[in-house]
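Structure file run06.cif (mmCIF, C-alpha atoms) follows.
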```cif
data_run
loop_
_atom_site.label_atom_id
_atom_site.label_comp_id
_atom_site.auth_asym_id
_atom_site.auth_seq_id
_atom_site.Cartn_x
_atom_site.Cartn_y
_atom_site.Cartn_z
CA MET D 1 10.66 27.39 -12.01
CA ASN D 2 9.11 30.84 -12.38
CA PRO D 3 8.13 32.17 -8.89
CA ALA D 4 4.61 33.03 -10.08
CA ILE D 5 4.15 29.49 -11.39
CA ALA D 6 5.75 27.98 -8.28
CA SER D 7 3.28 29.75 -5.99
CA SER D 8 0.32 28.11 -7.74
CA PHE D 9 1.90 24.75 -8.51
CA ASP D 10 0.23 21.79 -6.78
CA PRO D 11 2.73 18.92 -6.72
CA TRP D 12 -0.01 16.41 -5.88
CA ALA D 13 -2.63 17.44 -8.45
CA LEU D 14 -4.19 14.52 -10.33
CA PRO D 15 -4.38 14.48 -14.15
CA PRO D 16 -7.74 15.41 -15.71
CA LEU D 17 -10.17 12.48 -15.60
CA PRO D 18 -10.44 9.84 -16.88
CA TRP D 19 -7.10 8.03 -16.92
CA ARG D 20 -5.79 4.59 -16.05
CA PHE D 21 -2.89 2.85 -14.38
CA CYS D 22 -1.64 -0.72 -14.34
CA ILE D 23 0.11 -2.82 -11.67
CA GLU D 24 1.19 -6.44 -11.53
CA VAL D 25 -0.58 -8.56 -8.90
CA SER D 26 -0.58 -12.22 -7.87
CA ARG D 27 -3.67 -14.36 -7.38
CA ILE D 28 -3.80 -17.51 -5.28
CA ALA D 29 -6.99 -19.55 -5.12
CA ILE D 30 -7.27 -21.54 -1.88
CA HIS D 31 -9.67 -24.48 -1.70
CA GLY D 32 -11.03 -26.22 1.37
CA LYS D 33 -13.16 -25.37 4.37
CA GLY D 34 -10.11 -24.22 6.33
CA SER D 35 -9.13 -21.54 3.77
CA LEU D 36 -10.38 -18.52 5.68
CA ARG D 37 -9.03 -19.91 8.95
CA LEU D 38 -5.58 -20.22 7.35
CA LEU D 39 -5.58 -16.61 6.15
CA HIS D 40 -7.13 -15.40 9.41
CA GLY D 41 -4.14 -16.81 11.29
CA GLN D 42 -1.48 -15.67 8.84
CA THR D 43 -2.58 -12.08 8.15
CA SER D 44 -3.53 -9.01 10.16
CA GLN D 45 -7.25 -8.87 9.38
CA ALA D 46 -10.28 -10.69 10.87
CA LEU D 47 -11.59 -12.95 8.11
CA LEU D 48 -13.64 -15.76 9.64
CA ASP D 49 -16.94 -13.91 9.24
CA LEU D 50 -16.59 -13.32 5.50
CA ALA D 51 -19.49 -14.68 3.44
CA PRO D 52 -18.95 -15.90 -0.14
CA GLY D 53 -18.37 -12.89 -2.38
CA GLU D 54 -17.32 -10.58 0.45
CA GLN D 55 -13.86 -9.03 0.37
CA ARG D 56 -11.53 -7.55 2.98
CA ALA D 57 -8.10 -5.89 2.81
CA THR D 58 -5.30 -7.33 4.93
CA CYS D 59 -1.53 -7.38 5.48
CA PHE D 60 1.10 -10.08 5.62
CA VAL D 61 3.59 -9.33 8.39
CA ASN D 62 6.37 -11.32 10.02
CA ALA D 63 6.62 -12.27 13.70
CA THR D 64 7.90 -8.79 14.59
CA ALA D 65 5.09 -7.13 12.56
CA TRP D 66 7.27 -5.93 9.69
CA LEU D 67 5.10 -5.48 6.62
CA ALA D 68 5.82 -7.94 3.81
CA ALA D 69 2.80 -7.66 1.50
CA LEU D 70 -0.68 -6.19 1.00
CA ALA D 71 -3.53 -8.40 -0.08
CA GLU D 72 -7.27 -8.60 -0.68
CA VAL D 73 -9.12 -11.70 0.53
CA THR D 74 -12.41 -12.72 -1.07
CA ALA D 75 -14.43 -15.59 0.37
CA SER D 76 -15.70 -18.11 -2.17
CA GLU D 77 -17.83 -21.25 -2.15
CA ALA D 78 -14.65 -23.27 -2.69
CA GLY D 79 -12.70 -21.46 0.04
CA ALA D 80 -11.01 -18.13 -0.61
CA GLU D 81 -9.19 -16.10 -3.22
CA LEU D 82 -6.08 -14.20 -2.22
CA LEU D 83 -4.93 -11.26 -4.34
CA VAL D 84 -1.47 -9.93 -3.45
CA THR D 85 -1.49 -6.29 -4.56
CA ALA D 86 1.89 -5.19 -3.16
CA GLY D 87 4.83 -7.43 -2.39
CA ALA D 88 6.14 -10.69 -3.83
CA GLY D 89 3.32 -13.12 -4.51
CA ALA D 90 5.74 -16.05 -4.81
CA GLU D 91 7.08 -15.38 -1.31
CA VAL D 92 3.55 -15.20 0.10
CA TYR D 93 2.75 -18.51 -1.60
CA ARG D 94 5.82 -20.20 -0.12
CA ALA D 95 5.07 -18.78 3.34
CA LEU D 96 1.52 -20.18 3.25
CA ASP D 97 2.66 -23.53 1.90
CA ARG D 98 5.07 -23.93 4.83
CA VAL D 99 2.32 -23.65 7.46
CA ILE D 100 -0.29 -25.92 5.87
CA PHE D 101 -0.79 -29.39 7.36
CA PRO D 102 -3.10 -32.20 6.14
CA ALA D 103 -5.47 -31.61 9.04
CA ASP D 104 -6.06 -28.03 7.81
CA GLN D 105 -8.02 -29.36 4.82
CA VAL D 106 -6.64 -26.63 2.57
CA GLN D 107 -5.14 -26.80 -0.90
CA LEU D 108 -3.22 -23.96 -2.54
CA GLN D 109 -3.89 -23.65 -6.24
CA ALA D 110 -1.31 -22.45 -8.76
CA LEU D 111 -0.01 -18.90 -8.44
CA GLU D 112 -1.26 -16.62 -11.22
CA THR D 113 0.36 -13.37 -12.31
CA LEU D 114 -2.20 -10.84 -13.50
CA LEU D 115 -2.41 -7.16 -14.38
CA TRP D 116 -4.65 -4.85 -12.38
CA HIS D 117 -5.97 -2.17 -14.74
CA GLY D 118 -7.41 0.71 -12.73
CA LEU D 119 -9.68 3.15 -14.57
CA VAL D 120 -9.93 6.37 -12.57
CA GLU D 121 -13.12 8.26 -13.37
CA GLU D 122 -15.64 10.53 -11.70
CA GLN D 123 -18.34 7.87 -11.64
CA GLY D 124 -17.63 4.65 -9.82
CA PRO D 125 -17.38 3.23 -6.32
CA GLU D 126 -14.89 4.56 -3.82
CA ASN D 127 -11.58 2.72 -4.27
CA GLY D 128 -13.09 0.96 -7.28
CA ALA D 129 -10.03 1.72 -9.37
CA GLY D 130 -7.65 0.72 -6.57
CA TRP D 131 -5.07 2.71 -4.60
CA GLY D 132 -7.89 4.60 -2.87
CA LEU D 133 -9.21 6.07 -6.14
CA ALA D 134 -12.78 6.05 -7.42
CA GLY D 135 -13.56 4.20 -10.62
CA ARG D 136 -13.38 0.62 -11.90
CA HIS D 137 -10.75 -2.05 -12.35
CA TRP D 138 -10.15 -5.22 -14.36
CA LEU D 139 -7.92 -8.20 -13.58
CA LEU D 140 -6.49 -9.50 -16.85
CA SER D 141 -3.66 -11.67 -18.05
CA ALA D 142 -0.86 -9.92 -19.92
CA GLU D 143 -2.11 -11.49 -23.17
CA ALA D 144 -5.77 -10.57 -22.75
CA PRO D 145 -7.20 -7.81 -24.95
CA LEU D 146 -8.20 -4.62 -23.16
CA PRO D 147 -11.91 -3.89 -22.84
CA ALA D 148 -13.19 -0.89 -24.80
CA ALA D 149 -13.45 1.26 -21.67
CA LEU D 150 -9.68 0.95 -21.14
CA GLN D 151 -8.72 1.31 -24.78
CA GLN D 152 -10.43 4.71 -24.90
CA VAL D 153 -8.35 6.14 -22.04
CA GLN D 154 -4.70 7.14 -22.00
CA PRO D 155 -2.55 5.21 -19.49
CA LEU D 156 -0.19 6.93 -17.10
CA GLY D 157 3.49 6.63 -17.93
CA ALA D 158 5.79 4.83 -15.49
CA ASP D 159 7.08 8.09 -13.94
CA LEU D 160 3.59 9.51 -13.37
CA GLN D 161 2.39 6.22 -11.94
CA GLU D 162 5.25 6.26 -9.43
CA LEU D 163 4.27 9.80 -8.42
CA LEU D 164 0.69 8.56 -8.02
CA ARG D 165 2.00 5.85 -5.67
CA TYR D 166 3.69 8.53 -3.57
CA ARG D 167 0.56 10.70 -3.61
CA GLN D 168 -1.60 7.88 -2.30
CA GLY D 169 1.05 6.44 0.04
CA ILE D 170 1.10 2.91 -1.40
CA PRO D 171 4.00 0.84 -0.03
CA ALA D 172 6.40 -0.96 -2.37
CA ALA D 173 9.72 -2.76 -2.16
CA PRO D 174 12.43 -2.00 -1.30
CA GLY D 175 11.57 1.24 0.50
CA GLU D 176 8.43 0.36 2.44
CA LEU D 177 8.08 -3.45 2.22
CA ASN D 178 10.39 -5.86 4.09
CA ALA D 179 12.11 -2.77 5.46
CA GLY D 180 11.44 -3.06 9.20
CA ILE D 181 8.23 -0.98 9.00
CA ASN D 182 4.90 -2.02 10.51
CA PRO D 183 1.39 -1.38 9.10
CA PHE D 184 0.53 1.31 11.67
CA GLU D 185 3.55 3.35 10.57
CA LEU D 186 2.35 3.21 6.96
CA GLY D 187 -1.24 4.29 7.62
CA LEU D 188 -2.71 0.82 7.12
CA ASP D 189 -4.74 0.80 10.34
CA GLY D 190 -7.89 -0.35 8.55
CA ARG D 191 -6.17 -3.60 7.54
CA VAL D 192 -5.40 -4.60 11.14
CA SER D 193 -7.77 -6.28 13.59
CA LEU D 194 -6.85 -5.86 17.24
CA ASP D 195 -9.44 -8.18 18.76
CA LYS D 196 -9.45 -11.31 16.63
CA GLY D 197 -7.04 -13.32 18.75
CA CYS D 198 -3.64 -14.78 17.98
CA TYR D 199 -2.00 -14.36 14.57
CA LEU D 200 1.48 -13.82 13.22
CA GLY D 201 2.77 -10.44 14.45
CA GLN D 202 -0.28 -9.86 16.67
CA GLU D 203 1.65 -9.38 19.92
CA THR D 204 3.83 -6.60 18.50
CA LEU D 205 0.92 -4.80 16.86
CA ALA D 206 -1.13 -4.99 20.07
CA LYS D 207 1.73 -3.48 22.06
CA LEU D 208 2.15 -0.66 19.57
CA HIS D 209 -1.55 0.15 19.79
CA SER D 210 -1.89 -0.07 23.57
CA ARG D 211 1.28 1.73 24.60
CA ALA D 212 2.87 4.91 23.32
CA GLY D 213 2.12 4.18 19.68
CA VAL D 214 4.44 4.22 16.70
CA LYS D 215 7.75 6.05 16.60
CA GLN D 216 7.43 7.07 12.95
CA GLN D 217 4.75 7.67 10.33
CA LEU D 218 4.60 7.79 6.56
CA ARG D 219 4.39 11.13 4.75
CA ARG D 220 4.55 12.09 1.12
CA CYS D 221 7.13 14.74 0.35
CA TYR D 222 7.98 17.21 -2.38
CA ALA D 223 11.10 19.33 -2.90
CA PRO D 224 10.83 22.20 -5.43
CA PRO D 225 13.70 22.78 -7.87
CA GLY D 226 16.75 23.99 -5.98
CA VAL D 227 15.72 22.22 -2.74
CA LEU D 228 17.63 19.06 -1.88
CA LEU D 229 15.71 15.92 -1.05
CA PRO D 230 18.02 13.18 0.26
CA GLN D 231 18.20 9.92 -1.66
CA ALA D 232 16.11 6.92 -0.67
CA GLY D 233 17.51 5.40 2.50
CA ALA D 234 19.13 8.64 3.65
CA ALA D 235 18.28 10.52 6.83
CA LEU D 236 16.27 13.72 7.10
CA LEU D 237 17.95 16.13 9.51
CA GLY D 238 16.48 18.98 11.52
CA PRO D 239 18.01 22.48 11.79
CA LYS D 240 20.28 21.39 14.66
CA GLY D 241 21.39 18.21 12.94
CA GLU D 242 18.92 16.02 14.82
CA ARG D 243 17.38 13.09 12.97
CA ALA D 244 13.85 13.98 11.84
CA GLY D 245 13.19 10.89 9.75
CA SER D 246 14.28 9.17 6.57
CA ILE D 247 13.42 8.97 2.89
CA THR D 248 12.03 5.62 1.77
CA SER D 249 11.37 6.33 -1.94
CA CYS D 250 12.03 9.27 -4.27
CA GLN D 251 12.02 10.31 -7.90
CA VAL D 252 13.36 13.41 -9.63
CA GLY D 253 11.13 15.19 -12.14
CA PRO D 254 11.37 18.37 -14.23
CA GLN D 255 9.49 20.36 -11.58
CA GLY D 256 11.17 19.02 -8.47
CA THR D 257 11.63 15.81 -6.50
CA TRP D 258 8.83 13.67 -5.09
CA GLY D 259 8.97 10.88 -2.57
CA LEU D 260 7.83 9.11 0.55
CA ALA D 261 9.35 9.61 3.99
CA LEU D 262 9.03 8.29 7.52
CA LEU D 263 8.93 11.14 10.02
CA ARG D 264 9.80 10.59 13.66
CA ARG D 265 7.21 11.26 16.36
CA ASP D 266 8.48 14.74 17.26
CA TRP D 267 8.10 15.71 13.58
CA PHE D 268 4.61 14.32 12.86
CA GLU D 269 3.18 17.83 12.50
CA CYS D 270 6.03 19.09 10.32
CA GLU D 271 4.86 20.48 6.97
CA ASN D 272 8.13 22.04 5.81
CA LEU D 273 11.73 21.15 6.62
CA ALA D 274 14.44 23.13 4.84
CA GLY D 275 12.08 23.68 1.91
CA VAL D 276 10.91 20.07 1.67
CA GLN D 277 7.11 19.91 1.93
CA PHE D 278 5.39 17.08 3.83
CA SER D 279 1.73 16.02 3.87
CA LEU D 280 -0.41 12.99 4.68
CA PRO D 281 -0.75 10.49 1.82
CA ALA D 282 -4.24 10.44 0.34
CA ALA D 283 -4.92 6.74 0.93
CA ALA D 284 -3.27 6.45 4.35
CA SER D 285 -5.37 6.13 7.50
CA PHE D 286 -3.81 6.75 10.91
CA SER D 287 -5.67 6.38 14.19
CA SER D 288 -3.94 9.59 15.25
CA HIS D 289 -1.09 11.71 13.95
#
```
Whole structure, structure tokens version:
Amino acid sequence: MNPAIASSFDPWALPPLPWRFCIEVSRIAIHGKGSLRLLHGQTSQALLDLAPGEQRATCFVNATAWLAALAEVTASEAGAELLVTAGAGAEVYRALDRVIFPADQVQLQALETLLWHGLVEEQGPENGAGWGLAGRHWLLSAEAPLPAALQQVQPLGADLQELLRYRQGIPAAPGELNAGINPFELGLDGRVSLDKGCYLGQETLAKLHSRAGVKQQLRRCYAPPGVLLPQAGAALLGPKGERAGSITSCQVGPQGTWGLALLRRDWFECENLAGVQFSLPAAASFSSH
């Protein structure tokens, strides 16, 4: 890359508006008066106060608070609708099915696979397009025709969409989901309730919040041409060979290498390590960093 171009190159610049992206999601309708209580006890968010039509973002974690999936819960007159936006919807379905008893008065409906079409535009509600981006979105089956608003806009290619995921800090398997990482480390603080009582993973998350905090945090990273970014799963080392963190996802492009990394506590303020540039993901929210 020409030095003059490199000095003005913004690796995280968004394409000119409007544009759209598409992700696969899973929808599970849950019927019965115990629907919200079920999800309240199996996810990280407080949900019992949701009124029909209201929506709240949450996480599925295991007993040790490792993140397994991201979801949106919408209360309905029939119960609730669960939309799994990151992670395996089939695994979430099986996990819920295992903990339902007749006394719960809850029935899981069939799992649906849908496409989330996010239209990113200047006008539109905050996070309306998804992934922390303003605009609108549609949930459609793979066979459904696209509405005119989507047909008129060019979609991102797969490579650019992956870079968008890094920019925003959206977790995905295998690097950030089911990888021994908790929601606080990924900047998902807003999806966690600390005062709603007992739920799966609650004890670990409460300890992390009340004690010294997390040992690592998510950062997006960029390595210009000629600068080495380790492969996903590899360690990031400091100048003395000390472990500074690890790469969770990465992708090589014509103008460098992009990715996501987990930096250790002593390196939270690091913005450059051996030429690799680090910054906070746009959609991440940490209580402190």
If the PyMOL selection byres ((chain D and resi 49) around 10) were run on this exact file, what residues would it hold? Put them as an mmCIF file with C-alpha atoms, in the frame of the given file.
```cif
data_model
loop_
_atom_site.group_PDB
_atom_site.id
_atom_site.type_symbol
_atom_site.label_atom_id
_atom_site.label_comp_id
_atom_site.auth_asym_id
_atom_site.auth_seq_id
_atom_site.Cartn_x
_atom_site.Cartn_y
_atom_site.Cartn_z
ATOM 1 C CA LEU D 36 -10.380 -18.520 5.680
ATOM 2 C CA ARG D 37 -9.030 -19.910 8.950
ATOM 3 C CA HIS D 40 -7.130 -15.400 9.410
ATOM 4 C CA ALA D 46 -10.280 -10.690 10.870
ATOM 5 C CA LEU D 47 -11.590 -12.950 8.110
ATOM 6 C CA LEU D 48 -13.640 -15.760 9.640
ATOM 7 C CA LEU D 50 -16.590 -13.320 5.500
ATOM 8 C CA ALA D 51 -19.490 -14.680 3.440
ATOM 9 C CA PRO D 52 -18.950 -15.900 -0.140
ATOM 10 C CA GLU D 54 -17.320 -10.580 0.450
ATOM 11 C CA ALA D 75 -14.430 -15.590 0.370
#
```
Next item on the list: Could you jot down the CA of Ser249 (chain D) to CA of Ala179 (chain D) separation for me, Å, one decimal place?
Entry: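 These two atoms are separated by 11.8 Å.
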Next item on the list: Might you pull out every residue within 9 Å of Glu162 (chain D), with all atoms listed in the file counted and same-chain residues fewer than 5 positions away left off, and present them as a list of chain:residue names?
Entry: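 My reading of the contact set: D:Gly157, D:Arg167, D:Gln251.
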Next item on the list: Do a neighbour search on Glu24 (chain D) at 7 Å with only C-alpha atoms, toss out local chain neighbours closer than 6 positions, and write the hits as a PyMOL selection string.
Entry: chain D and resi 114-116
Next item on the list: For the file shown, report as a list in words the outcome of the PyMOL selection byres ((chain D and resi 104) around 12) at residue level.
Entry: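 Those residues are Ile30, His31, Gly32, Lys33, Gly34, Ser35, Leu36, Arg37, Leu38, Leu39, Gly41, Leu96, Asp97, Val99, Ile100, Phe101, Pro102, Ala103, Gln105, Val106, Gln107 and Leu108 of chain D.
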Using C-alpha atoms, can you export the residues from the last selection as a PDB file, keeping the file's coordinate frame?
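Saved file part-v9.pdb follows:
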```
ATOM      1  CA  ILE D  30      -7.270 -21.540  -1.880  1.00  0.00           C
ATOM      2  CA  HIS D  31      -9.670 -24.480  -1.700  1.00  0.00           C
ATOM      3  CA  GLY D  32     -11.030 -26.220   1.370  1.00  0.00           C
ATOM      4  CA  LYS D  33     -13.160 -25.370   4.370  1.00  0.00           C
ATOM      5  CA  GLY D  34     -10.110 -24.220   6.330  1.00  0.00           C
ATOM      6  CA  SER D  35      -9.130 -21.540   3.770  1.00  0.00           C
ATOM      7  CA  LEU D  36     -10.380 -18.520   5.680  1.00  0.00           C
ATOM      8  CA  ARG D  37      -9.030 -19.910   8.950  1.00  0.00           C
ATOM      9  CA  LEU D  38      -5.580 -20.220   7.350  1.00  0.00           C
ATOM     10  CA  LEU D  39      -5.580 -16.610   6.150  1.00  0.00           C
ATOM     11  CA  GLY D  41      -4.140 -16.810  11.290  1.00  0.00           C
ATOM     12  CA  LEU D  96       1.520 -20.180   3.250  1.00  0.00           C
ATOM     13  CA  ASP D  97       2.660 -23.530   1.900  1.00  0.00           C
ATOM     14  CA  VAL D  99       2.320 -23.650   7.460  1.00  0.00           C
ATOM     15  CA  ILE D 100      -0.290 -25.920   5.870  1.00  0.00           C
ATOM     16  CA  PHE D 101      -0.790 -29.390   7.360  1.00  0.00           C
ATOM     17  CA  PRO D 102      -3.100 -32.200   6.140  1.00  0.00           C
ATOM     18  CA  ALA D 103      -5.470 -31.610   9.040  1.00  0.00           C
ATOM     19  CA  GLN D 105      -8.020 -29.360   4.820  1.00  0.00           C
ATOM     20  CA  VAL D 106      -6.640 -26.630   2.570  1.00  0.00           C
ATOM     21  CA  GLN D 107      -5.140 -26.800  -0.900  1.00  0.00           C
ATOM     22  CA  LEU D 108      -3.220 -23.960  -2.540  1.00  0.00           C
TER      23      LEU D 108
END
```
Item checked: Residues matched by the PyMOL selection byres ((chain D and resi 124) around 7), written as a ChimeraX atom specification -> /D:121-123,125-126,128,134-136
Check: Quick one: distance from CA of Gly169 (chain D) to CA of Val92 (chain D) in Å, one decimal?
Finding: 21.8 Å
Checklist line | Nearest to Gly259 (chain D), chosen from D:Leu280, D:Ile23, D:Leu83, D:Cys221, with all atoms listed in the file counted in the distances | finding: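 For Gly259 (chain D), the nearest of the candidates is D:Cys221.
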Step by step, gather every atom of region 188-207 of chain D that the file lists, find the box along x, y and z that holds them, add 3 Å on each side, and finally give centre and edge lengths in Å to one decimal, as JSON.
```
{"center_x": -2.8, "center_y": -7.0, "center_z": 14.6, "size_x": 19.3, "size_y": 21.6, "size_z": 20.9}
```
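The shortest atom-to-atom distance to Trp131 (chain D), with all atoms listed in the file taken into account, belongs to D:Arg20 out of D:Arg265, D:Arg20, D:Arg219, D:Arg211.
Going from CA of Gln277 (chain D) to CA of Pro225 (chain D) covers 12.2 Å.
For the set D:Ala110, D:Leu140, D:Ser26, D:Gln55, the residue with the smallest atom-to-atom gap to Gly89 (chain D) is D:Ser26, counting all atoms listed in the file.
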At a cut-off of 8 Å around the point (-10.8, 3.3, -15.0) (file coordinates), what residues fall inside when counting only C-alpha atoms? I'd like the answer as a PDB file with C-alpha atoms, in the frame of the given file.
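Result file out.pdb:
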```pdb
ATOM      1  CA  PRO D  18     -10.440   9.840 -16.880  1.00  0.00           C
ATOM      2  CA  TRP D  19      -7.100   8.030 -16.920  1.00  0.00           C
ATOM      3  CA  ARG D  20      -5.790   4.590 -16.050  1.00  0.00           C
ATOM      4  CA  PHE D  21      -2.890   2.850 -14.380  1.00  0.00           C
ATOM      5  CA  HIS D 117      -5.970  -2.170 -14.740  1.00  0.00           C
ATOM      6  CA  GLY D 118      -7.410   0.710 -12.730  1.00  0.00           C
ATOM      7  CA  LEU D 119      -9.680   3.150 -14.570  1.00  0.00           C
ATOM      8  CA  VAL D 120      -9.930   6.370 -12.570  1.00  0.00           C
ATOM      9  CA  GLU D 121     -13.120   8.260 -13.370  1.00  0.00           C
ATOM     10  CA  ALA D 129     -10.030   1.720  -9.370  1.00  0.00           C
ATOM     11  CA  GLY D 135     -13.560   4.200 -10.620  1.00  0.00           C
ATOM     12  CA  ARG D 136     -13.380   0.620 -11.900  1.00  0.00           C
ATOM     13  CA  HIS D 137     -10.750  -2.050 -12.350  1.00  0.00           C
ATOM     14  CA  ALA D 149     -13.450   1.260 -21.670  1.00  0.00           C
ATOM     15  CA  LEU D 150      -9.680   0.950 -21.140  1.00  0.00           C
ATOM     16  CA  VAL D 153      -8.350   6.140 -22.040  1.00  0.00           C
TER      17      VAL D 153
END
```
Notebook entry, point to check: Taking (14.8, -1.3, 3.0) in the file's coordinates as the center, which residues reach within 12 Å of it, counting all atoms listed in the file, put as a ChimeraX atom specification?
Noted result: /D:66-68,171-181,232-234,246-249
Note to self: List the spatial neighbours of Leu163 (chain D) as an MDAnalysis selection string - criterion: any atom at most 10 Å away, only C-alpha atoms, same-chain residues fewer than 2 positions off excluded.
What the structure shows: chainID D and resid 11:12 14 158:161 165:169 220 250:253 257:260
Item checked: Pick from D:Tyr93, D:Phe9, D:Phe60, D:Trp138 nearest to Cys22 (chain D), counting only C-alpha atoms ->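 Among D:Tyr93, D:Phe9, D:Phe60, D:Trp138, it is D:Trp138 that comes nearest to Cys22 (chain D).
Restricting the calculation to all atoms listed in the file, the smallest distance between Asn182 (chain D) and any of D:Leu156, D:Gly256, D:Val61, D:Gln42 is found for D:Val61.
Nearest-residue note for Glu91 (chain D): choosing from D:Gly79, D:Ile28, D:Ala261, D:Ser44, the minimum distance belongs to D:Ile28, counting only C-alpha atoms.
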